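A.B. asks: So here's protein-v1.txt, just compact mmCIF, C-alpha atoms:
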# COMPACT_ATOMS: atom_id res chain seq x y z
CA MET D 1 -15.03 301.80 37.99
CA VAL D 2 -13.65 302.33 41.52
CA ASN D 3 -11.09 304.85 40.21
CA VAL D 4 -13.75 307.42 39.37
CA CYS D 5 -14.34 307.95 43.10
CA VAL D 6 -10.72 308.74 43.97
CA ASP D 7 -9.65 312.22 45.09
CA GLY D 8 -6.65 313.49 47.11
CA ASN D 9 -7.84 311.81 50.29
CA LEU D 10 -8.65 308.41 48.78
CA ARG D 11 -6.70 305.64 47.10
CA VAL D 12 -7.29 302.25 45.53
CA VAL D 13 -5.66 299.24 47.17
CA GLY D 14 -6.14 295.89 45.45
CA GLY D 15 -9.14 297.20 43.56
CA VAL D 16 -10.80 298.40 46.77
CA LEU D 17 -11.43 302.03 47.66
CA ASP D 18 -9.44 303.08 50.73
CA ILE D 19 -8.50 306.31 52.56
CA GLN D 20 -5.05 307.85 52.56
CA ALA D 21 -3.02 307.68 55.77
CA TRP D 22 -3.17 311.44 56.34
CA VAL D 23 -6.98 311.54 56.49
CA SER D 24 -7.16 310.17 60.07
CA ARG D 25 -5.43 311.16 63.30
CA ARG D 26 -2.19 309.24 63.64
CA LEU D 27 1.10 309.14 65.50
CA VAL D 28 3.71 310.34 63.01
CA HIS D 29 6.86 310.87 65.07
CA THR D 30 8.44 309.70 68.33
CA HIS D 31 11.83 310.54 69.80
CA ASN D 32 13.42 309.13 72.96
CA PRO D 33 16.24 311.49 73.90
CA THR D 34 19.46 310.59 75.67
CA VAL D 35 19.55 311.18 79.42
CA THR D 36 22.69 312.52 81.12
CA ASN D 37 23.66 313.41 84.70
CA ASP D 38 21.19 310.95 86.26
CA ALA D 39 23.17 310.25 89.41
CA THR D 40 24.24 311.39 92.85
CA PHE D 41 25.45 314.98 92.88
CA THR D 42 27.71 316.72 95.36
CA ALA D 43 27.69 320.40 94.40
CA GLN D 44 25.16 323.17 94.07
CA SER D 45 23.61 323.78 90.65
CA ILE D 46 21.94 327.15 90.17
CA LEU D 47 19.46 328.08 87.44
CA PRO D 48 19.22 327.35 84.56
CA GLY D 49 20.34 324.10 86.18
CA LEU D 50 22.24 320.96 85.25
CA ASN D 51 20.79 319.35 82.13
CA HIS D 52 19.46 315.81 82.31
CA ILE D 53 17.76 315.98 78.90
CA ASP D 54 18.51 318.46 76.11
CA ALA D 55 16.93 317.14 72.93
CA THR D 56 16.31 318.40 69.41
CA THR D 57 14.28 316.51 66.82
CA SER D 58 11.99 317.23 63.86
CA TRP D 59 9.18 315.84 61.73
CA THR D 60 8.52 316.56 58.05
CA ASN D 61 5.00 316.52 56.64
CA THR D 62 5.51 314.33 53.58
CA GLY D 63 1.80 314.26 52.72
CA PRO D 64 0.13 316.42 50.06
CA GLU D 65 -2.06 318.36 52.53
CA ALA D 66 -1.52 320.57 55.57
CA VAL D 67 -2.07 318.92 58.96
CA ASP D 68 -2.59 320.03 62.54
CA ALA D 69 0.36 318.59 64.46
CA LEU D 70 -0.08 318.02 68.19
CA PHE D 71 3.23 318.01 70.09
CA GLU D 72 3.17 315.95 73.31
CA VAL D 73 5.80 315.17 75.92
CA VAL D 74 5.64 311.93 77.91
CA ARG D 75 7.80 312.22 81.02
CA SER D 76 9.23 309.12 82.63
CA ARG D 77 9.32 308.91 86.41
CA ARG D 78 11.29 311.54 88.32
CA GLN D 79 13.22 310.97 91.55
CA ILE D 80 14.84 313.45 93.92
CA ARG D 81 16.73 312.98 97.18
CA THR D 82 17.95 316.03 99.08
CA SER D 83 19.46 316.40 102.54
CA GLN D 84 18.14 319.07 104.88
CA PRO D 85 18.38 322.04 104.97
CA ASN D 86 18.81 322.16 101.17
CA LEU D 87 16.34 322.23 98.30
CA THR D 88 16.37 320.41 94.95
CA PHE D 89 14.03 320.88 91.99
CA PHE D 90 13.44 319.58 88.46
CA ARG D 91 12.21 321.93 85.76
CA ASP D 92 11.37 321.15 82.13
CA ARG D 93 10.31 323.08 79.06
CA ALA D 94 9.46 322.21 75.43
CA THR D 95 9.27 324.47 72.37
CA ALA D 96 8.39 324.00 68.71
CA ALA D 97 8.39 325.96 65.46
CA VAL D 98 7.46 325.35 61.81
CA ASP D 99 10.20 325.76 59.19
CA GLN D 100 12.59 327.40 61.64
CA ALA D 101 14.58 326.35 64.67
CA ALA D 102 12.61 325.95 67.88
CA ASP D 103 13.51 328.42 70.63
CA THR D 104 16.00 327.28 73.24
CA PRO D 105 13.88 326.30 76.26
CA ASP D 106 14.19 328.92 79.00
CA LEU D 107 14.13 327.37 82.47
CA MET D 108 14.74 330.66 84.26
CA SER D 109 11.37 332.38 83.90
CA VAL D 110 9.18 330.23 81.61
CA PHE D 111 8.84 326.50 82.23
CA ASP D 112 6.23 323.78 81.78
CA SER D 113 6.58 322.08 85.15
CA GLU D 114 8.58 322.01 88.34
CA MET D 115 8.87 319.33 91.03
CA GLY D 116 11.01 319.07 94.11
CA GLY D 117 11.39 320.58 97.54
CA GLY D 118 13.21 320.23 100.83
CA PHE D 119 12.92 321.19 104.47
CA ASP D 120 14.85 322.85 107.28
CA ARG D 121 14.99 321.21 110.72
CA ASP D 122 17.46 323.66 112.20
CA THR D 123 20.86 322.61 113.59
CA ALA D 124 22.10 320.17 116.19
CA ALA D 125 25.16 320.91 118.32
CA GLY D 126 27.14 323.81 116.93
CA THR D 127 26.27 324.63 113.33
CA THR D 128 25.82 321.11 111.99
CA PRO D 129 22.33 320.52 110.52
CA LYS D 130 20.19 317.89 112.16
CA ALA D 131 19.87 314.57 110.33
CA GLY D 132 17.18 314.51 107.67
CA THR D 133 16.73 313.61 104.01
CA LEU D 134 13.75 314.20 101.73
CA TRP D 135 12.87 311.61 99.08
CA MET D 136 10.43 312.47 96.29
CA TRP D 137 9.04 310.44 93.39
CA LYS D 138 6.73 311.39 90.54
CA GLY D 139 5.19 308.87 88.17
CA ILE D 140 4.85 308.97 84.40
CA SER D 141 2.97 312.00 83.09
CA THR D 142 1.96 313.42 79.71
CA TYR D 143 1.30 316.98 78.66
CA THR D 144 0.47 318.80 75.43
CA VAL D 145 2.92 321.46 74.31
CA GLY D 146 0.70 322.86 71.55
CA ARG D 147 -0.94 322.39 68.18
CA PHE D 148 0.84 323.62 65.03
CA THR D 149 -0.40 323.82 61.43
CA VAL D 150 2.25 322.17 59.24
CA PRO D 151 1.83 322.67 55.47
CA ALA D 152 2.76 319.93 53.02
CA GLY D 153 6.53 319.64 52.81
CA SER D 154 7.14 321.77 55.91
CA VAL D 155 9.16 320.76 58.95
CA LEU D 156 8.08 320.90 62.59
CA ASN D 157 11.16 321.37 64.77
CA LEU D 158 11.00 320.33 68.43
CA ARG D 159 13.19 321.11 71.44
CA TYR D 160 13.00 319.83 75.03
CA ARG D 161 15.06 320.42 78.16
CA CYS D 162 14.88 318.97 81.67
CA ALA D 163 17.32 320.09 84.35
CA HIS D 164 17.72 320.01 88.14
CA TYR D 165 18.89 322.84 90.32
CA SER D 166 19.56 323.45 94.02
CA PRO D 167 19.11 327.10 95.02
CA SER D 168 21.42 329.01 97.35
CA PRO D 169 22.38 328.76 100.16
CA PHE D 170 23.77 325.25 99.79
CA ALA D 171 24.95 323.35 102.92
CA ASN D 172 27.75 320.89 102.18
CA ASN D 173 27.47 319.57 105.74
CA ALA D 174 23.74 318.78 105.45
CA ASN D 175 22.11 315.71 107.04
CA ASN D 176 24.28 315.83 110.17
CA ASN D 177 27.40 316.21 108.06
CA SER D 178 26.43 313.30 105.79
CA ALA D 179 24.96 315.08 102.78
CA GLN D 180 23.14 312.88 100.27
CA TYR D 181 21.75 314.09 96.96
CA ARG D 182 20.47 312.40 93.83
CA ALA D 183 18.40 313.48 90.84
CA PHE D 184 17.01 311.08 88.23
CA ALA D 185 14.95 312.25 85.26
CA THR D 186 15.11 308.69 83.77
CA GLY D 187 13.81 309.71 80.34
CA ALA D 188 11.13 311.28 78.17
CA ARG D 189 9.39 310.69 74.85
CA LEU D 190 8.63 313.46 72.38
CA GLN D 191 5.76 312.58 70.06
CA VAL D 192 3.77 314.22 67.30
CA TRP D 193 0.17 313.38 66.35
CA ALA D 194 -1.09 314.57 62.96
CA THR D 195 -4.74 315.45 62.31
CA PRO D 196 -6.09 316.55 58.90
CA VAL D 197 -7.05 320.19 58.43
CA ALA D 198 -10.60 320.77 57.22
CA ASP D 199 -10.77 321.87 53.57
CA LEU D 200 -13.46 324.53 53.91
CA GLY D 201 -12.91 325.66 50.33
CA SER D 202 -14.45 322.46 49.00
CA VAL D 203 -17.57 322.63 51.19
Translate this structure into structure tokens?

C.D. replies:
Amino acid sequence: MVNVCVDGNLRVVGGVLDIQAWVSRRLVHTHNPTVTNDATFTAQSILPGLNHIDATTSWTNTGPEAVDALFEVVRSRRQIRTSQPNLTFFRDRATAAVDQAADTPDLMSVFDSEMGGGFDRDTAAGTTPKAGTLWMWKGISTYTVGRFTVPAGSVLNLRYRCAHYSPSPFANNANNNSAQYRAFATGARLQVWATPVADLGSV
């Protein structure tokens, strides 16, 4: 008799009425991209910067109904060290699209976040900058990129970039002629949460 109650959002498991997986909010996709260039650097990097993460991934809605897909980025800790009088920054950007390639993230004019800095303590004898190094850390953080309606059988394509840059002018003799620089993005996780779309036609 339990089968008479089954519709597209229900199922029978061991003779017991149950809901389908797509009926409730759930984590449907995670991707941990490869990190490159996490190290000490010795040369200037101008925008769009030196990539630490440049990732592409996708999720296919294999269910029979459309879902609202929430795209989130979980950033691992960030670390910057820059010798005065220079500046160093991290920027990141994520994009997504349904059934087409996600746009290449633009770190020049549109970005999701930026962290970094520096300072200028003038020069010592001659033109050599005074000693000084700025250290910066940022803990784990999460942000929502957006919500996308993904029909049954459609693909949500994701793209994420994180890069560091050091704007001009760049002093190779910084920190009293002992320049020290490092930039660590350490990682990120791209994840998709799926939530059912209300079927207003059946109300």

A.B. asks: Using all atoms listed in the file, can you tell me which of D:His31, D:Arg25, D:Arg91, D:His52 comes closest to D:Val73?

C.D. replies: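 The shortest atom-to-atom distance to D:Val73 comes from D:His31.
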
A.B. asks: Under the rule of at most 9 Å, produce a per-residue listing of stretch 83-130 of chain D near stretch 159-172 of chain D: chain, number, name, the closest pair of atoms, and the distance in Å, as a Markdown table, using only C-alpha atoms.

C.D. replies:
| residue | atom | partner | partner_atom | distance |
| --- | --- | --- | --- | --- |
| D:Ser83 | CA | D:Ala171 | CA | 8.9 |
| D:Gln84 | CA | D:Ala171 | CA | 8.3 |
| D:Pro85 | CA | D:Ala171 | CA | 7.0 |
| D:Asn86 | CA | D:Phe170 | CA | 6.0 |
| D:Leu87 | CA | D:Ser166 | CA | 5.5 |
| D:Thr88 | CA | D:Ser166 | CA | 4.5 |
| D:Phe89 | CA | D:His164 | CA | 5.4 |
| D:Phe90 | CA | D:His164 | CA | 4.3 |
| D:Arg91 | CA | D:Ala163 | CA | 5.6 |
| D:Asp92 | CA | D:Cys162 | CA | 4.2 |
| D:Arg93 | CA | D:Arg161 | CA | 5.5 |
| D:Ala94 | CA | D:Tyr160 | CA | 4.3 |
| D:Thr95 | CA | D:Arg159 | CA | 5.2 |
| D:Ala96 | CA | D:Arg159 | CA | 6.2 |
| D:Ala101 | CA | D:Arg159 | CA | 8.7 |
| D:Ala102 | CA | D:Arg159 | CA | 6.0 |
| D:Asp103 | CA | D:Arg159 | CA | 7.4 |
| D:Thr104 | CA | D:Arg159 | CA | 7.0 |
| D:Pro105 | CA | D:Arg161 | CA | 6.3 |
| D:Asp106 | CA | D:Arg161 | CA | 8.6 |
| D:Leu107 | CA | D:Ala163 | CA | 8.2 |
| D:Pro129 | CA | D:Ala171 | CA | 8.5 |

A.B. asks: Selection from above, C-alpha atoms, as a CSV table (one decimal), in the frame of the given file, can you write it?

C.D. replies:
chain,number,residue,atom,x,y,z
D,83,SER,CA,19.5,316.4,102.5
D,84,GLN,CA,18.1,319.1,104.9
D,85,PRO,CA,18.4,322.0,105.0
D,86,ASN,CA,18.8,322.2,101.2
D,87,LEU,CA,16.3,322.2,98.3
D,88,THR,CA,16.4,320.4,95.0
D,89,PHE,CA,14.0,320.9,92.0
D,90,PHE,CA,13.4,319.6,88.5
D,91,ARG,CA,12.2,321.9,85.8
D,92,ASP,CA,11.4,321.2,82.1
D,93,ARG,CA,10.3,323.1,79.1
D,94,ALA,CA,9.5,322.2,75.4
D,95,THR,CA,9.3,324.5,72.4
D,96,ALA,CA,8.4,324.0,68.7
D,101,ALA,CA,14.6,326.4,64.7
D,102,ALA,CA,12.6,326.0,67.9
D,103,ASP,CA,13.5,328.4,70.6
D,104,THR,CA,16.0,327.3,73.2
D,105,PRO,CA,13.9,326.3,76.3
D,106,ASP,CA,14.2,328.9,79.0
D,107,LEU,CA,14.1,327.4,82.5
D,129,PRO,CA,22.3,320.5,110.5

A.B. asks: Could you pull the residues within 10 Å of D:Thr42, counting all atoms listed in the file, minus those fewer than 6 positions along the same chain, as a list in words?

C.D. replies: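 Returned residues: Asn172, Ala179, Gln180, Tyr181 and Arg182 of chain D.
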
A.B. asks: Which is closest to D:Val67 among D:Val145, D:Ile140, D:Ile46, D:Val28, if we use only C-alpha atoms?

C.D. replies: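 Nearest candidate to D:Val67 out of D:Val145, D:Ile140, D:Ile46, D:Val28: D:Val28.
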
A.B. asks: Find the spatial neighbours of D:Thr34, counting only C-alpha atoms, within a cut-off of 9 Å - ignore same-chain residues fewer than 3 positions away - and output them as a list in words.

C.D. replies: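 Using only C-alpha atoms, the neighbours found are His52, Ile53, Asp54, Ala55, Gly187 and Ala188 of chain D.
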
A.B. asks: Export C-alpha atoms of the chosen residues as a short mmCIF file (atom, residue, chain, number, x, y, z; two decimals), in the coordinates of the input?

C.D. replies:
data_model
loop_
_atom_site.label_atom_id
_atom_site.label_comp_id
_atom_site.auth_asym_id
_atom_site.auth_seq_id
_atom_site.Cartn_x
_atom_site.Cartn_y
_atom_site.Cartn_z
CA HIS D 52 19.46 315.81 82.31
CA ILE D 53 17.76 315.98 78.90
CA ASP D 54 18.51 318.46 76.11
CA ALA D 55 16.93 317.14 72.93
CA GLY D 187 13.81 309.71 80.34
CA ALA D 188 11.13 311.28 78.17
#

A.B. asks: Which residue out of D:Val150, D:Ala124, D:Leu134, D:Ile80 has the minimum interatomic distance to D:Trp193 when only C-alpha atoms are used?

C.D. replies: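 Of D:Val150, D:Ala124, D:Leu134, D:Ile80, the one nearest D:Trp193, counting only C-alpha atoms, is D:Val150.
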
A.B. asks: In terms of the shortest atom-to-atom distance over all atoms listed in the file, which of D:Val110, D:Ala174, D:Leu190, D:Ala69 is closest to D:Arg26?

C.D. replies: D:Ala69

A.B. asks: Quick check, in Å to one decimal: how far apart do atom CA of D:Thr57 and atom CA of D:Phe111 lie?

C.D. replies: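 Interatomic distance, atom CA of D:Thr57 to atom CA of D:Phe111: 19.2 Å.
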
A.B. asks: Please, what distance in Å, to one decimal, runs between atom CA of D:Thr123 and atom CA of D:Ala183?

C.D. replies: 24.6 Å

A.B. asks: Interatomic distance between atom CA of D:Thr30 and atom CA of D:Ser154?

C.D. replies: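 Computed distance, atom CA of D:Thr30 to atom CA of D:Ser154, equals 17.4 Å.
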
A.B. asks: Please reconstruct the missing atoms of stretch 180-192 of chain D (target: N, CA and C atoms) and return them as a PDB file, in the coordinates of the input.

C.D. replies:
ATOM      1  N   GLN D 180      23.494 313.857 101.302  1.00  0.00           N
ATOM      2  CA  GLN D 180      23.140 312.880 100.270  1.00  0.00           C
ATOM      3  C   GLN D 180      22.199 313.548  99.274  1.00  0.00           C
ATOM      4  N   TYR D 181      22.553 313.466  98.012  1.00  0.00           N
ATOM      5  CA  TYR D 181      21.750 314.090  96.960  1.00  0.00           C
ATOM      6  C   TYR D 181      21.716 313.178  95.741  1.00  0.00           C
ATOM      7  N   ARG D 182      20.563 313.116  95.101  1.00  0.00           N
ATOM      8  CA  ARG D 182      20.470 312.400  93.830  1.00  0.00           C
ATOM      9  C   ARG D 182      19.302 312.976  93.038  1.00  0.00           C
ATOM     10  N   ALA D 183      19.441 312.967  91.735  1.00  0.00           N
ATOM     11  CA  ALA D 183      18.400 313.480  90.840  1.00  0.00           C
ATOM     12  C   ALA D 183      18.354 312.581  89.605  1.00  0.00           C
ATOM     13  N   PHE D 184      17.189 311.971  89.366  1.00  0.00           N
ATOM     14  CA  PHE D 184      17.010 311.080  88.230  1.00  0.00           C
ATOM     15  C   PHE D 184      15.800 311.527  87.421  1.00  0.00           C
ATOM     16  N   ALA D 185      16.040 311.914  86.177  1.00  0.00           N
ATOM     17  CA  ALA D 185      14.950 312.250  85.260  1.00  0.00           C
ATOM     18  C   ALA D 185      14.462 310.997  84.525  1.00  0.00           C
ATOM     19  N   THR D 186      15.327 310.033  84.344  1.00  0.00           N
ATOM     20  CA  THR D 186      15.110 308.690  83.770  1.00  0.00           C
ATOM     21  C   THR D 186      14.684 308.657  82.306  1.00  0.00           C
ATOM     22  N   GLY D 187      14.136 309.739  81.758  1.00  0.00           N
ATOM     23  CA  GLY D 187      13.810 309.710  80.340  1.00  0.00           C
ATOM     24  C   GLY D 187      12.587 310.543  79.983  1.00  0.00           C
ATOM     25  N   ALA D 188      12.306 310.584  78.699  1.00  0.00           N
ATOM     26  CA  ALA D 188      11.130 311.280  78.170  1.00  0.00           C
ATOM     27  C   ALA D 188      10.890 310.771  76.757  1.00  0.00           C
ATOM     28  N   ARG D 189       9.689 310.984  76.250  1.00  0.00           N
ATOM     29  CA  ARG D 189       9.390 310.690  74.850  1.00  0.00           C
ATOM     30  C   ARG D 189       8.704 311.891  74.239  1.00  0.00           C
ATOM     31  N   LEU D 190       9.236 312.358  73.124  1.00  0.00           N
ATOM     32  CA  LEU D 190       8.630 313.460  72.380  1.00  0.00           C
ATOM     33  C   LEU D 190       7.845 312.846  71.233  1.00  0.00           C
ATOM     34  N   GLN D 191       6.570 313.192  71.113  1.00  0.00           N
ATOM     35  CA  GLN D 191       5.760 312.580  70.060  1.00  0.00           C
ATOM     36  C   GLN D 191       4.863 313.610  69.394  1.00  0.00           C
ATOM     37  N   VAL D 192       4.596 313.339  68.114  1.00  0.00           N
ATOM     38  CA  VAL D 192       3.770 314.220  67.300  1.00  0.00           C
ATOM     39  C   VAL D 192       2.603 313.424  66.724  1.00  0.00           C
TER      40      VAL D 192
END
